Amino acid sequence: MNISIACDHGAYALKERLKARLLEQGHHVADCGAHSAESCDYPDFAAAAARLVADGSCARGVVLCTTGIGMSIAANKVKGVRCALCHEPLSAEMTRRHNDANMLAMGAAITGEALAERILDVFLATEFEGGRHQRRVDKVTALEN
């Protein structure tokens, strides 16, 4: 699967760990930065990763910052993106099943590395249920328009 990933300075170490995991699993990773722990502006990196998901270059995306809040807000400003901030695996599973979320946000100061790996694994492995949930996703999409 093609996956975009981005972070700000507060989540650089977590991004590098998750990126390595994705590559080990055979995914193709588009690293949209940041490329160091030097202070930077999260919206720039969130937008880059989100645009790759919105235009279909990547099937899913992952954005990371200290809390995950800023990155999720910024990613969700890109039309076609449904980014969910998840702190545990159940939220990651349910947002895929019911919301067809195409991006995952996590906070490096909130979620430990091992838990972040598990959340990511669940997010990538879970399929959208469709059915009655498609009607709801369509209504969310209509809000963008």
# chains A, B, ... in the order shown; residues from 1 in each chain; ligands from 1

$ residues_around --residues "Cys7 in chain A" --least-positions-apart "4" --cutoff "10 Å" --atoms "only C-alpha atoms" --output "PyMOL selection string"
chain A and resi 11-16+31-37+40-46+49+62-66+68+71+105-108

$ residues_around --residues "Gly61 in chain A" --least-positions-apart "4" --cutoff "7 Å" --atoms "only C-alpha atoms" --output "list in words"
Ile3, Ser4, Ile5, Ala49, Ala50, Val53, Asn102, Met103 and Leu104 of chain A

$ write_last_selection --atoms "N, CA and C atoms" --output "mmCIF file, in the first residue's frame"
data_model
loop_
_atom_site.group_PDB
_atom_site.id
_atom_site.type_symbol
_atom_site.label_atom_id
_atom_site.label_comp_id
_atom_site.auth_asym_id
_atom_site.auth_seq_id
_atom_site.Cartn_x
_atom_site.Cartn_y
_atom_site.Cartn_z
ATOM 1 N N ILE A 3 1.544 4.831 1.352
ATOM 2 C CA ILE A 3 1.163 5.542 2.572
ATOM 3 C C ILE A 3 2.003 6.806 2.697
ATOM 4 N N SER A 4 1.333 7.932 2.908
ATOM 5 C CA SER A 4 2.063 9.165 3.197
ATOM 6 C C SER A 4 2.228 9.275 4.707
ATOM 7 N N ILE A 5 3.318 9.895 5.109
ATOM 8 C CA ILE A 5 3.564 10.092 6.534
ATOM 9 C C ILE A 5 4.211 11.457 6.720
ATOM 10 N N ALA A 49 1.132 15.635 3.222
ATOM 11 C CA ALA A 49 0.706 14.233 3.354
ATOM 12 C C ALA A 49 -0.753 14.066 2.961
ATOM 13 N N ALA A 50 -1.592 15.007 3.363
ATOM 14 C CA ALA A 50 -3.021 14.927 3.063
ATOM 15 C C ALA A 50 -3.295 15.054 1.564
ATOM 16 N N VAL A 53 -2.981 11.811 -0.214
ATOM 17 C CA VAL A 53 -4.143 10.937 -0.001
ATOM 18 C C VAL A 53 -5.315 11.439 -0.834
ATOM 19 N N ASN A 102 -9.269 7.942 5.990
ATOM 20 C CA ASN A 102 -8.136 7.636 5.120
ATOM 21 C C ASN A 102 -6.820 8.179 5.673
ATOM 22 N N MET A 103 -6.901 8.865 6.804
ATOM 23 C CA MET A 103 -5.696 9.323 7.478
ATOM 24 C C MET A 103 -5.822 9.113 8.980
ATOM 25 N N LEU A 104 -4.692 8.841 9.582
ATOM 26 C CA LEU A 104 -4.589 8.600 11.011
ATOM 27 C C LEU A 104 -3.690 9.657 11.620
#

$ closest_residue --among "A:Asn99, A:Glu144, A:Asp138, A:Arg60" --to "His28 in chain A" --atoms "only C-alpha atoms"
A:Arg60

$ select_by_dssp --residues "range 34-78 of chain A" --states "strand (DSSP E or B)" --output "ChimeraX atom specification"
/A:60-65

$ atom_distance --atom1 "CA of Arg21 in chain A" --atom2 "CA of Leu124 in chain A"
12.3 Å

$ atom_distance --atom1 "CA of Glu113 in chain A" --atom2 "CA of Leu52 in chain A"
24.7 Å

$ select_by_dssp --residues "range 1-84 of chain A" --states "alpha helix (DSSP H)" --output "ChimeraX atom specification"
/A:12-24,42-54,69-75

$ closest_residue --among "A:Ala114, A:Val29, A:Ala109, A:Ala92" --to "Thr126 in chain A" --atoms "only C-alpha atoms"
A:Ala92

$ atom_distance --atom1 "CA of Ile119 in chain A" --atom2 "CA of Gly131 in chain A"
24.4 Å

$ closest_residue --among "A:Asn2, A:Gly130, A:Leu120, A:His98" --to "Gly26 in chain A" --atoms "only C-alpha atoms"
A:Asn2

$ closest_residue --among "A:Val78, A:Thr67, A:Ser57, A:Phe123" --to "Ser91 in chain A" --atoms "only C-alpha atoms"
A:Phe123
